[in-house]
Each structure stands twice: as C-alpha cells, then as structure tokens.
file work.pdb (PDB, C-alpha atoms)
ATOM      1  CA  MET J  27     -11.647  21.275  -7.202
ATOM      2  CA  SER J  28     -10.106  17.773  -7.247
ATOM      3  CA  CYS J  29      -6.870  16.861  -5.494
ATOM      4  CA  ARG J  30      -5.265  16.441  -8.899
ATOM      5  CA  HIS J  31      -5.954  20.089  -9.775
ATOM      6  CA  LEU J  32      -4.619  21.268  -6.420
ATOM      7  CA  PHE J  33      -1.421  19.389  -7.129
ATOM      8  CA  SER J  34      -1.057  21.093 -10.488
ATOM      9  CA  VAL J  35      -0.701  24.518  -8.884
ATOM     10  CA  CYS J  36       1.612  24.045  -5.895
ATOM     11  CA  TYR J  37       2.943  20.511  -6.041
ATOM     12  CA  LEU J  38       4.845  20.789  -9.326
ATOM     13  CA  ALA J  39       6.131  24.223  -8.378
ATOM     14  CA  THR J  40       7.526  22.698  -5.202
ATOM     15  CA  LEU J  41       9.290  19.990  -7.200
ATOM     16  CA  VAL J  42      10.879  22.545  -9.515
ATOM     17  CA  MET J  43      12.111  24.822  -6.734
ATOM     18  CA  VAL J  44      13.169  22.221  -4.180
ATOM     19  CA  PHE J  45      14.134  19.170  -6.200
ATOM     20  CA  GLY J  46      15.128  20.708  -9.555
ATOM     21  CA  GLY J  47      17.177  18.852 -12.125
ATOM     22  CA  LEU J  48      15.035  15.747 -12.588
ATOM     23  CA  SER J  49      15.987  13.451 -15.448
ATOM     24  CA  ARG J  50      14.244  10.785 -17.471
ATOM     25  CA  ALA J  51      14.514   7.205 -16.289
ATOM     26  CA  SER J  52      15.735   4.357 -18.461
ATOM     27  CA  ASP J  53      13.401   3.240 -21.234
ATOM     28  CA  ASP J  54      13.392  -0.193 -19.581
ATOM     29  CA  ASN J  55      10.364  -0.175 -17.288
ATOM     30  CA  ALA J  56      11.068  -2.906 -14.758
ATOM     31  CA  LEU J  57       7.373  -3.220 -13.905
ATOM     32  CA  GLY J  58       6.494  -4.029 -17.494
ATOM     33  CA  ASN J  59       3.762  -1.405 -17.679
ATOM     34  CA  PRO J  60       3.382   2.018 -19.284
ATOM     35  CA  GLY J  61       4.222   5.099 -17.265
ATOM     36  CA  PRO J  62       2.365   8.417 -17.087
ATOM     37  CA  SER J  63       0.582  10.086 -19.981
ATOM     38  CA  ASN J  64       3.510  10.097 -22.417
ATOM     39  CA  GLY J  65       4.188   6.387 -21.840
ATOM     40  CA  THR J  66       7.728   6.938 -20.532
ATOM     41  CA  PRO J  67       8.482   6.385 -16.826
ATOM     42  CA  THR J  68      10.208   9.378 -15.254
ATOM     43  CA  LYS J  69      12.687   9.549 -12.420
ATOM     44  CA  PRO J  70      10.984  10.229  -9.077
ATOM     45  CA  VAL J  71      12.252  12.198  -6.096
ATOM     46  CA  GLY J  72      12.818  10.134  -2.930
ATOM     47  CA  ARG J  73      13.557  11.256   0.614
ATOM     48  CA  THR J  74      13.105  10.164   4.226
ATOM     49  CA  ILE J  75      10.405  11.891   6.256
ATOM     50  CA  THR J  76       8.933  11.578   9.740
ATOM     51  CA  LEU J  77       5.297  10.729  10.411
ATOM     52  CA  SER J  78       5.167  12.691  13.673
ATOM     53  CA  ASP J  79       2.526  15.093  12.350
ATOM     54  CA  PHE J  80       0.226  12.184  11.527
ATOM     55  CA  GLY J  81       0.168  10.174  14.736
ATOM     56  CA  ALA J  82       3.398   8.148  14.771
ATOM     57  CA  GLU J  83       7.065   8.825  15.495
ATOM     58  CA  ASP J  84       8.301   6.455  12.801
ATOM     59  CA  LEU J  85      10.219   7.287   9.659
ATOM     60  CA  ALA J  86       9.081   6.625   6.118
ATOM     61  CA  TYR J  87      10.526   6.863   2.626
ATOM     62  CA  LEU J  88       8.512   9.185   0.387
ATOM     63  CA  SER J  89       8.906   8.865  -3.377
ATOM     64  CA  VAL J  90       7.349  11.701  -5.352
ATOM     65  CA  PRO J  91       6.430  11.381  -9.043
ATOM     66  CA  THR J  92       7.032  14.181 -11.512
ATOM     67  CA  THR J  93       3.363  14.292 -12.518
ATOM     68  CA  PRO J  94       0.411  15.124 -10.235
ATOM     69  CA  PRO J  95      -0.815  11.780  -8.828
ATOM     70  CA  THR J  96      -4.325  10.761  -7.883
ATOM     71  CA  VAL J  97      -3.291   7.508  -6.146
ATOM     72  CA  GLY J  98      -1.117   7.237  -3.060
ATOM     73  CA  ILE J  99       0.440   3.907  -2.075
ATOM     74  CA  VAL J 100       1.391   2.983   1.482
ATOM     75  CA  LEU J 101       4.114   0.339   1.147
ATOM     76  CA  VAL J 102       4.684  -1.997   4.093
ATOM     77  CA  PRO J 103       8.013  -3.874   3.869
ATOM     78  CA  ASP J 104       8.687  -7.526   4.538
ATOM     79  CA  VAL J 105      10.778  -8.469   7.572
ATOM     80  CA  PHE J 106      13.969  -7.470   5.721
ATOM     81  CA  GLY J 107      13.012  -3.942   6.801
ATOM     82  CA  LEU J 108      12.849  -0.645   4.976
ATOM     83  CA  ASP J 109      15.744  -1.769   2.789
ATOM     84  CA  ASN J 110      17.114  -0.677  -0.566
ATOM     85  CA  PHE J 111      14.722  -3.056  -2.334
ATOM     86  CA  THR J 112      11.648  -1.448  -0.750
ATOM     87  CA  LYS J 113      12.900   2.042  -1.575
ATOM     88  CA  ALA J 114      13.627   0.950  -5.151
ATOM     89  CA  GLU J 115      10.085  -0.421  -5.472
ATOM     90  CA  ALA J 116       8.736   2.878  -4.155
ATOM     91  CA  ASP J 117      10.774   4.725  -6.778
ATOM     92  CA  ARG J 118       9.624   2.404  -9.577
ATOM     93  CA  LEU J 119       5.976   2.933  -8.678
ATOM     94  CA  ALA J 120       6.539   6.676  -8.427
ATOM     95  CA  GLY J 121       8.064   6.464 -11.900
ATOM     96  CA  LEU J 122       4.661   5.216 -13.040
ATOM     97  CA  GLY J 123       2.987   8.286 -11.598
ATOM     98  CA  TYR J 124       2.015   7.078  -8.108
ATOM     99  CA  LEU J 125       2.842   8.923  -4.891
ATOM    100  CA  VAL J 126       4.466   6.307  -2.637
ATOM    101  CA  LEU J 127       5.155   6.228   1.090
ATOM    102  CA  ALA J 128       7.112   3.213   2.376
ATOM    103  CA  VAL J 129       6.614   3.085   6.137
ATOM    104  CA  ASP J 130       9.179   1.693   8.573
ATOM    105  CA  ILE J 131       7.482  -0.738  10.947
ATOM    106  CA  TYR J 132      10.819  -2.165  12.144
ATOM    107  CA  ASN J 133      12.284   0.868  13.949
ATOM    108  CA  GLY J 134      15.053   1.336  11.433
ATOM    109  CA  HIS J 135      16.273  -2.270  11.619
ATOM    110  CA  THR J 136      17.195  -4.027   8.377
ATOM    111  CA  THR J 137      18.536  -7.570   8.156
ATOM    112  CA  THR J 138      19.009 -10.599   5.954
ATOM    113  CA  ASP J 139      19.790 -12.939   8.856
ATOM    114  CA  ALA J 140      17.166 -15.646   9.323
ATOM    115  CA  GLY J 141      17.573 -15.645  13.110
ATOM    116  CA  ASP J 142      17.127 -11.883  13.301
ATOM    117  CA  MET J 143      14.065 -12.032  11.089
ATOM    118  CA  ALA J 144      12.412 -14.670  13.277
ATOM    119  CA  THR J 145      13.074 -12.568  16.389
ATOM    120  CA  ILE J 146      11.803  -9.372  14.768
ATOM    121  CA  THR J 147       8.617 -11.041  13.552
ATOM    122  CA  ALA J 148       7.945 -12.551  16.963
ATOM    123  CA  HIS J 149       8.295  -9.189  18.701
ATOM    124  CA  LEU J 150       6.254  -7.046  16.336
ATOM    125  CA  ASN J 151       3.372  -5.319  18.083
ATOM    126  CA  ALA J 152       0.262  -5.319  15.902
ATOM    127  CA  GLU J 153      -1.163  -2.182  17.509
ATOM    128  CA  SER J 154       2.082  -0.288  16.929
ATOM    129  CA  VAL J 155       2.393  -1.470  13.322
ATOM    130  CA  LEU J 156      -1.183  -0.519  12.483
ATOM    131  CA  LYS J 157      -0.618   2.865  14.130
ATOM    132  CA  THR J 158       2.337   3.447  11.799
ATOM    133  CA  MET J 159       0.279   2.389   8.800
ATOM    134  CA  ASP J 160      -2.573   4.642   9.891
ATOM    135  CA  ALA J 161      -0.100   7.540  10.055
ATOM    136  CA  GLY J 162       0.899   6.789   6.462
ATOM    137  CA  ILE J 163      -2.727   6.772   5.393
ATOM    138  CA  ARG J 164      -3.381  10.022   7.264
ATOM    139  CA  PHE J 165      -0.379  11.533   5.478
ATOM    140  CA  PHE J 166      -2.205  11.086   2.171
ATOM    141  CA  ARG J 167      -5.485  12.384   3.603
ATOM    142  CA  GLU J 168      -4.223  15.339   5.645
ATOM    143  CA  SER J 169      -0.926  16.576   4.225
ATOM    144  CA  PRO J 170      -1.480  19.995   2.620
ATOM    145  CA  LYS J 171       0.979  19.193  -0.191
ATOM    146  CA  PHE J 172       0.424  15.483  -0.765
ATOM    147  CA  LYS J 173      -3.304  14.783  -0.582
ATOM    148  CA  VAL J 174      -4.550  12.233  -3.127
ATOM    149  CA  ASP J 175      -7.919  10.989  -4.319
ATOM    150  CA  HIS J 176      -7.279   7.286  -3.648
ATOM    151  CA  ILE J 177      -5.074   5.304  -1.257
ATOM    152  CA  VAL J 178      -3.904   1.706  -1.670
ATOM    153  CA  ALA J 179      -1.960  -0.259   0.949
ATOM    154  CA  MET J 180       0.558  -2.765  -0.391
ATOM    155  CA  GLY J 181       2.849  -5.177   1.436
ATOM    156  CA  TRP J 182       5.089  -8.218   1.177
ATOM    157  CA  GLY J 183       5.244 -11.173   3.570
ATOM    158  CA  THR J 184       5.180  -9.914   7.147
ATOM    159  CA  GLY J 185       4.125  -6.483   5.922
ATOM    160  CA  ALA J 186       1.324  -8.088   3.911
ATOM    161  CA  THR J 187      -0.105  -9.505   7.142
ATOM    162  CA  TYR J 188      -0.792  -5.972   8.372
ATOM    163  CA  VAL J 189      -2.008  -4.760   4.977
ATOM    164  CA  PHE J 190      -4.468  -7.647   5.131
ATOM    165  CA  GLN J 191      -5.664  -6.447   8.532
ATOM    166  CA  SER J 192      -6.028  -2.875   7.299
ATOM    167  CA  ALA J 193      -8.056  -4.100   4.321
ATOM    168  CA  ARG J 194     -10.471  -5.613   6.830
ATOM    169  CA  GLU J 195     -10.923  -2.497   8.919
ATOM    170  CA  ASN J 196      -9.622   0.771   7.490
ATOM    171  CA  LYS J 197     -12.297   2.615   5.515
ATOM    172  CA  LEU J 198      -9.857   5.409   4.661
ATOM    173  CA  LEU J 199      -8.241   3.018   2.209
ATOM    174  CA  ASP J 200      -9.564   2.394  -1.290
ATOM    175  CA  GLY J 201      -7.826  -0.924  -1.925
ATOM    176  CA  ALA J 202      -5.078  -3.295  -0.790
ATOM    177  CA  ILE J 203      -2.533  -5.587  -2.427
ATOM    178  CA  THR J 204      -0.727  -8.420  -0.645
ATOM    179  CA  PHE J 205       2.306 -10.293  -1.939
ATOM    180  CA  TYR J 206       2.591 -13.734  -0.260
ATOM    181  CA  GLY J 207       0.258 -12.655   2.532
ATOM    182  CA  PRO J 208      -2.138 -14.567   4.798
ATOM    183  CA  VAL J 209      -5.174 -16.697   4.015
ATOM    184  CA  GLU J 210      -8.214 -17.528   6.125
ATOM    185  CA  THR J 211     -10.009 -20.860   5.927
ATOM    186  CA  GLU J 212     -12.491 -20.422   8.794
ATOM    187  CA  SER J 213     -15.725 -18.700   7.799
ATOM    188  CA  THR J 214     -16.026 -17.052  11.223
ATOM    189  CA  ARG J 215     -12.691 -15.286  10.658
ATOM    190  CA  VAL J 216     -13.464 -13.775   7.255
ATOM    191  CA  GLY J 217     -16.382 -11.366   7.501
ATOM    192  CA  LYS J 218     -16.800  -8.194   5.506
ATOM    193  CA  PHE J 219     -13.662  -6.372   4.344
ATOM    194  CA  ALA J 220     -13.611  -2.581   4.185
ATOM    195  CA  VAL J 221     -11.917  -2.363   0.772
ATOM    196  CA  PRO J 222     -11.135  -4.460  -2.332
ATOM    197  CA  LEU J 223      -8.215  -6.877  -1.893
ATOM    198  CA  CYS J 224      -5.874  -8.226  -4.576
ATOM    199  CA  ALA J 225      -3.814 -11.121  -3.188
ATOM    200  CA  LEU J 226      -0.864 -12.823  -4.888
ATOM    201  CA  TYR J 227       0.272 -16.194  -3.556
ATOM    202  CA  PRO J 228       3.145 -18.609  -4.278
ATOM    203  CA  GLU J 229       1.979 -21.459  -6.477
ATOM    204  CA  ASN J 230       3.474 -24.042  -4.115
ATOM    205  CA  ASP J 231       3.373 -23.056  -0.456
ATOM    206  CA  SER J 232       2.945 -25.069   2.742
ATOM    207  CA  VAL J 233       0.564 -22.538   4.289
ATOM    208  CA  ALA J 234      -1.129 -20.761   1.395
ATOM    209  CA  THR J 235      -1.795 -24.030  -0.396
ATOM    210  CA  HIS J 236      -3.873 -24.047  -3.547
ATOM    211  CA  ASP J 237      -6.811 -25.563  -1.657
ATOM    212  CA  ASN J 238      -6.545 -23.044   1.188
ATOM    213  CA  VAL J 239      -6.441 -20.102  -1.193
ATOM    214  CA  MET J 240      -9.442 -21.368  -3.130
ATOM    215  CA  THR J 241     -11.346 -21.905   0.130
ATOM    216  CA  PHE J 242     -10.472 -18.373   1.186
ATOM    217  CA  GLU J 243     -11.607 -16.970  -2.157
ATOM    218  CA  ASN J 244     -14.959 -18.745  -1.873
ATOM    219  CA  LEU J 245     -15.454 -17.484   1.682
ATOM    220  CA  MET J 246     -14.587 -13.926   0.646
ATOM    221  CA  LYS J 247     -17.074 -13.991  -2.204
ATOM    222  CA  ALA J 248     -19.747 -15.504   0.052
ATOM    223  CA  GLU J 249     -19.339 -12.455   2.303
ATOM    224  CA  GLY J 250     -19.720 -10.133  -0.686
ATOM    225  CA  ASN J 251     -16.096  -8.998  -0.635
ATOM    226  CA  ASP J 252     -14.323  -7.554  -3.668
ATOM    227  CA  PHE J 253     -11.472 -10.073  -3.816
ATOM    228  CA  ALA J 254      -9.223 -11.731  -6.361
ATOM    229  CA  ALA J 255      -6.508 -14.328  -5.684
ATOM    230  CA  TRP J 256      -3.647 -15.038  -8.074
ATOM    231  CA  PHE J 257      -0.922 -17.675  -8.097
ATOM    232  CA  ILE J 258       2.657 -16.839  -9.046
ATOM    233  CA  ALA J 259       5.002 -19.621 -10.188
ATOM    234  CA  ALA J 260       7.649 -18.866  -7.558
ATOM    235  CA  GLY J 261       8.338 -19.369  -3.878
ATOM    236  CA  ARG J 262       7.409 -17.036  -1.021
ATOM    237  CA  GLY J 263       9.740 -14.048  -1.171
ATOM    238  CA  TRP J 264       9.999 -13.934  -4.971
ATOM    239  CA  SER J 265      10.151 -10.115  -5.100
ATOM    240  CA  ASN J 266      13.147  -9.319  -2.896
ATOM    241  CA  PRO J 267      16.724  -9.965  -4.122
ATOM    242  CA  SER J 268      17.667 -10.709  -0.487
ATOM    243  CA  SER J 269      15.351 -13.714  -0.462
ATOM    244  CA  LYS J 270      16.517 -17.211  -1.404
ATOM    245  CA  SER J 271      13.335 -17.499  -3.466
ATOM    246  CA  TYR J 272      14.004 -14.330  -5.474
ATOM    247  CA  ASN J 273      12.616 -14.744  -8.972
ATOM    248  CA  PRO J 274      12.712 -11.555 -11.075
ATOM    249  CA  THR J 275      10.922 -13.180 -13.996
ATOM    250  CA  GLU J 276       7.909 -14.169 -11.912
ATOM    251  CA  ASP J 277       8.036 -10.877 -10.057
ATOM    252  CA  LYS J 278       7.320  -9.132 -13.358
ATOM    253  CA  GLU J 279       4.350 -11.451 -13.797
ATOM    254  CA  ALA J 280       3.095 -10.455 -10.353
ATOM    255  CA  TRP J 281       3.257  -6.783 -11.269
ATOM    256  CA  LYS J 282       1.159  -7.502 -14.357
ATOM    257  CA  VAL J 283      -1.603  -8.275 -11.860
ATOM    258  CA  ALA J 284      -0.854  -5.573  -9.285
ATOM    259  CA  VAL J 285      -0.561  -2.554 -11.566
ATOM    260  CA  PRO J 286      -3.924  -3.055 -13.342
ATOM    261  CA  PHE J 287      -5.497  -3.241  -9.879
ATOM    262  CA  LEU J 288      -3.906   0.125  -9.050
ATOM    263  CA  ILE J 289      -5.204   1.553 -12.318
ATOM    264  CA  ARG J 290      -8.695   0.245 -11.573
ATOM    265  CA  ILE J 291      -8.731   1.790  -8.077
ATOM    266  CA  GLY J 292      -7.463   5.084  -9.446
ATOM    267  CA  ALA J 293     -10.273   5.179 -12.004
ATOM    268  CA  GLU J 294     -13.049   4.731  -9.440
ATOM    269  CA  PRO J 295     -15.143   7.682  -8.215
ATOM    270  CA  VAL J 296     -13.643   9.565  -5.309
ATOM    271  CA  LYS J 297     -15.305   8.618  -2.040
ATOM    272  CA  ASP J 298     -17.001  11.320  -0.018
ATOM    273  CA  ARG J 299     -15.289  10.981   3.349
ATOM    274  CA  LYS J 300     -16.499  14.255   4.840
ATOM    275  CA  GLY J 301     -17.600  13.814   8.418
ATOM    276  CA  PRO J 302     -20.486  15.656  10.049
ATOM    277  CA  SER J 303     -20.229  19.454  10.026
ATOM    278  CA  ILE J 304     -19.860  21.558  13.165
ATOM    279  CA  ILE J 305     -23.557  22.434  12.891
ATOM    280  CA  ASP J 306     -24.508  18.750  12.596
ATOM    281  CA  LYS J 307     -22.415  17.926  15.672
ATOM    282  CA  ALA J 308     -24.035  20.789  17.583
ATOM    283  CA  LYS J 309     -27.507  19.559  16.617
ATOM    284  CA  THR J 310     -26.628  16.070  17.801
ATOM    285  CA  GLY J 311     -25.336  17.428  21.078
ATOM    286  CA  ILE J 312     -28.451  19.510  21.678
ATOM    287  CA  LYS J 313     -30.700  16.604  20.776
ATOM    288  CA  SER J 314     -28.921  14.350  23.265
ATOM    289  CA  LEU J 315     -29.768  16.773  26.089
ATOM    290  CA  PHE J 316     -33.441  16.021  25.647
ATOM    291  CA  GLU J 317     -33.173  12.227  25.336
TER     292      GLU J 317
END
call {"tool": "encode", "arguments": {"input": "work.pdb", "output": "structure tokens"}}
result
Amino acid sequence: MSCRHLFSVCYLATLVMVFGGLSRASDDNALGNPGPSNGTPTKPVGRTITLSDFGAEDLAYLSVPTTPPTVGIVLVPDVFGLDNFTKAEADRLAGLGYLVLAVDIYNGHTTTDAGDMATITAHLNAESVLKTMDAGIRFFRESPKFKVDHIVAMGWGTGATYVFQSARENKLLDGAITFYGPVETESTRVGKFAVPLCALYPENDSVATHDNVMTFENLMKAEGNDFAAWFIAAGRGWSNPSSKSYNPTEDKEAWKVAVPFLIRIGAEPVKDRKGPSIIDKAKTGIKSLFE
C-alpha cells in the first residue's frame, strides 16, 4: 500500500478530530499555480513541533495540508530565521497539497539587523545545520503519521547553501530547490550530486554572475547531474519582505519555476529505499567469519 493510501485512513481522521474547523483559503493563490485536485487552495494547519525523535533537539514549523500528500518539503530559512515569512511560505505550499516542515537552524533567533545576520552566518556550524536538516528528512521517512513518497529540500540564501550541500550527499532526498544559493566554478568541486537540483539565481549578482552560473551548469551536466539554472530579474533576497531586494512580482515568476519542479518530483516512481533484511545482515555477518 502506498503512503498516500495510508494517509487516507488515519491522517485525515486525525485532522478532523484534532484540528477541526478548517476553512477554504482565498481564491487568490499567491504562488500562481493550481491547488489540489479541485483547483482551489485550501487552508493548511500549522504548528510548532520538536525534532527530538528524529535526531535533533531543534524546533520546526509543520504545515499540514487538508489532502493526503505524496511530497514532503523540508524548508530551510534564510538568515532572517524561522520568521513569519518562512511560516507563511510553508502554509502556502501546504495549501497546494504539500506537507511542509520548516526547520529552525538558528536556535530560535530571528532578526532583520544586518550586523546580527553577519554574526549569525559566521557562527553557523555546518555539521549542526545538516543534522537538523537530516532530522527533518527523517521526520518524513520515519514518522508514523507523516510519511511521504517523495522529499524535496528547499532553501533561501544562507539556508540554500545547506540545501545545496544536502543535494550533493543525501540520498534520502528526491530533489532540491535553491533560491539565490551557491555556485561552483571549479570542476574538482562539483562531482556527482545525489538528487536533481533546481537553482534560481538573481539576474545581476556579484557572486552568482551570469558567466559563473553558466559555467556551473556546464560542469553539472558534464558530471551527468540532473540540474537546471534559472535567472530571476531581481536582486538576492527577492522573496522575503524583510529584504531590501524584496520583489513580489519576480517572486511569483520564481515560483512558476519551482512548483513545476515539485510536481515533476512528485510524479516520479517511488524509490525503493529498503535496506538489507535481518536475514541478509545475518548472512553477511556469518560470511565475514570465514573471510
């Protein structure tokens, strides 16, 4: 039985009993894309949870759609923190039928102060951040109520840096999306990525220049990676209202790229991630005794 069918039995019943009284969202879909099967986005249920059962002590914001999802999204915020914007984006995606978990990699700290943001970025520990992300991914793989068929990691700015790293290494993912994330221009630093990557870059940027992005795209394809780069006619930070480069018009254009990628990943065959059985492990152990 697929994860979608399992959801149909207990997941919706849980929503009715625990979170009853859901209402329809506005007809204006801010992402510019159709919602679930009836074409109308619905209002999701959002709450804060802990990831302690999945390997990290961090908090996360879980937004639950009103229809059984097959795709889970791990959102990784920009340096502004797990702010109202990130939670609103989680809710908007859940309104489209995705199960969304926005992880807090900043220990509860939110800010719009440039000095604070520089300090926070400088003191982030990559191992700790990736551990938090891994806990979010495990949540979708191991939670008895919220298992999904596919998982996509998505991040902005600083968060996109770690989504990029996960796309390289984490085979439990099915795809990744970065908004104004990193580029690589050295062939020795590219290599084979674990999952497809959709990357959206500012059209005019001092680091992710047009030439650098095109070089990166060529290197990714030379390595056989599933990769697509897109340019958005706005500055770095176009998505978040707290950013000086906030551009809601171009943000909608960015989502016209991101959402079809989510749809594509959700339509792909479910990967068989079953590890070796107890019998297989026993056979391996016995065999090793005689080697």
call {"tool": "closest_residue", "arguments": {"input": "work.pdb", "among": "J:Val105, J:Cys224, J:Val71, J:Val126", "to": "J:Phe172", "atoms": "only C-alpha atoms"}}
result
J:Val126
call {"tool": "closest_residue", "arguments": {"input": "work.pdb", "among": "J:Arg73, J:Lys282, J:Lys157, J:His176", "to": "J:Gly201", "atoms": "only C-alpha atoms"}}
result
J:His176
call {"tool": "resolve_selection", "arguments": {"input": "work.pdb", "expression": "the PyMOL selection byres ((chain J and resi 238-247) around 7)", "output": "PDB file with C-alpha atoms, in the frame of the given file"}}
result
ATOM      1  CA  VAL J 209      -5.174 -16.697   4.015  1.00  0.00           C
ATOM      2  CA  GLU J 210      -8.214 -17.528   6.125  1.00  0.00           C
ATOM      3  CA  THR J 211     -10.009 -20.860   5.927  1.00  0.00           C
ATOM      4  CA  SER J 213     -15.725 -18.700   7.799  1.00  0.00           C
ATOM      5  CA  VAL J 216     -13.464 -13.775   7.255  1.00  0.00           C
ATOM      6  CA  ALA J 234      -1.129 -20.761   1.395  1.00  0.00           C
ATOM      7  CA  THR J 235      -1.795 -24.030  -0.396  1.00  0.00           C
ATOM      8  CA  HIS J 236      -3.873 -24.047  -3.547  1.00  0.00           C
ATOM      9  CA  ASP J 237      -6.811 -25.563  -1.657  1.00  0.00           C
ATOM     10  CA  ALA J 248     -19.747 -15.504   0.052  1.00  0.00           C
ATOM     11  CA  GLU J 249     -19.339 -12.455   2.303  1.00  0.00           C
ATOM     12  CA  GLY J 250     -19.720 -10.133  -0.686  1.00  0.00           C
ATOM     13  CA  ASN J 251     -16.096  -8.998  -0.635  1.00  0.00           C
ATOM     14  CA  PHE J 253     -11.472 -10.073  -3.816  1.00  0.00           C
ATOM     15  CA  ALA J 255      -6.508 -14.328  -5.684  1.00  0.00           C
TER      16      ALA J 255
END
call {"tool": "residues_around", "arguments": {"input": "work.pdb", "residues": "stretch 75-88 of chain J", "least_positions_apart": "2", "cutoff": "7 Å", "atoms": "all atoms listed in the file", "output": "PDB file with C-alpha atoms, in the frame of the given file"}}
result
ATOM      1  CA  GLY J  72      12.818  10.134  -2.930  1.00  0.00           C
ATOM      2  CA  ARG J  73      13.557  11.256   0.614  1.00  0.00           C
ATOM      3  CA  VAL J  90       7.349  11.701  -5.352  1.00  0.00           C
ATOM      4  CA  LYS J 113      12.900   2.042  -1.575  1.00  0.00           C
ATOM      5  CA  VAL J 126       4.466   6.307  -2.637  1.00  0.00           C
ATOM      6  CA  LEU J 127       5.155   6.228   1.090  1.00  0.00           C
ATOM      7  CA  ALA J 128       7.112   3.213   2.376  1.00  0.00           C
ATOM      8  CA  VAL J 129       6.614   3.085   6.137  1.00  0.00           C
ATOM      9  CA  ASP J 130       9.179   1.693   8.573  1.00  0.00           C
ATOM     10  CA  ASN J 133      12.284   0.868  13.949  1.00  0.00           C
ATOM     11  CA  LYS J 157      -0.618   2.865  14.130  1.00  0.00           C
ATOM     12  CA  THR J 158       2.337   3.447  11.799  1.00  0.00           C
ATOM     13  CA  ALA J 161      -0.100   7.540  10.055  1.00  0.00           C
ATOM     14  CA  ARG J 164      -3.381  10.022   7.264  1.00  0.00           C
ATOM     15  CA  PHE J 165      -0.379  11.533   5.478  1.00  0.00           C
TER      16      PHE J 165
END
call {"tool": "atom_distance", "arguments": {"input": "work.pdb", "atom1": "atom CA of J:Ala114", "atom2": "atom CA of J:Tyr206"}}
result
19.0 Å
call {"tool": "residues_around", "arguments": {"input": "work.pdb", "residues": "J:Thr145", "least_positions_apart": "5", "cutoff": "12 Å", "atoms": "only C-alpha atoms", "output": "JSON, numbers by chain"}}
result
{"J": [105, 106, 132, 135, 137, 139, 140, 150]}
call {"tool": "closest_residue", "arguments": {"input": "work.pdb", "among": "J:Ser265, J:Glu276, J:Arg167, J:Ser192", "to": "J:Lys297", "atoms": "only C-alpha atoms"}}
result
J:Arg167
call {"tool": "residues_around", "arguments": {"input": "work.pdb", "residues": "J:Gly207", "least_positions_apart": "5", "cutoff": "10 Å", "atoms": "all atoms listed in the file", "output": "PyMOL selection string"}}
result
chain J and resi 181-190+225-228+234+262
call {"tool": "closest_residue", "arguments": {"input": "work.pdb", "among": "J:Pro208, J:Gly121, J:Gly107, J:Pro170", "to": "J:Thr93", "atoms": "all atoms listed in the file"}}
result
J:Gly121
call {"tool": "atom_distance", "arguments": {"input": "work.pdb", "atom1": "atom CA of J:Ser89", "atom2": "atom CA of J:Asn266"}}
result
18.7 Å
call {"tool": "atom_distance", "arguments": {"input": "work.pdb", "atom1": "atom CA of J:Arg118", "atom2": "atom CA of J:Asp160"}}
result
23.1 Å
call {"tool": "residues_around", "arguments": {"input": "work.pdb", "residues": "J:Pro222", "least_positions_apart": "6", "cutoff": "9 Å", "atoms": "only C-alpha atoms", "output": "PyMOL selection string"}}
result
chain J and resi 193+200-203+251-254+291
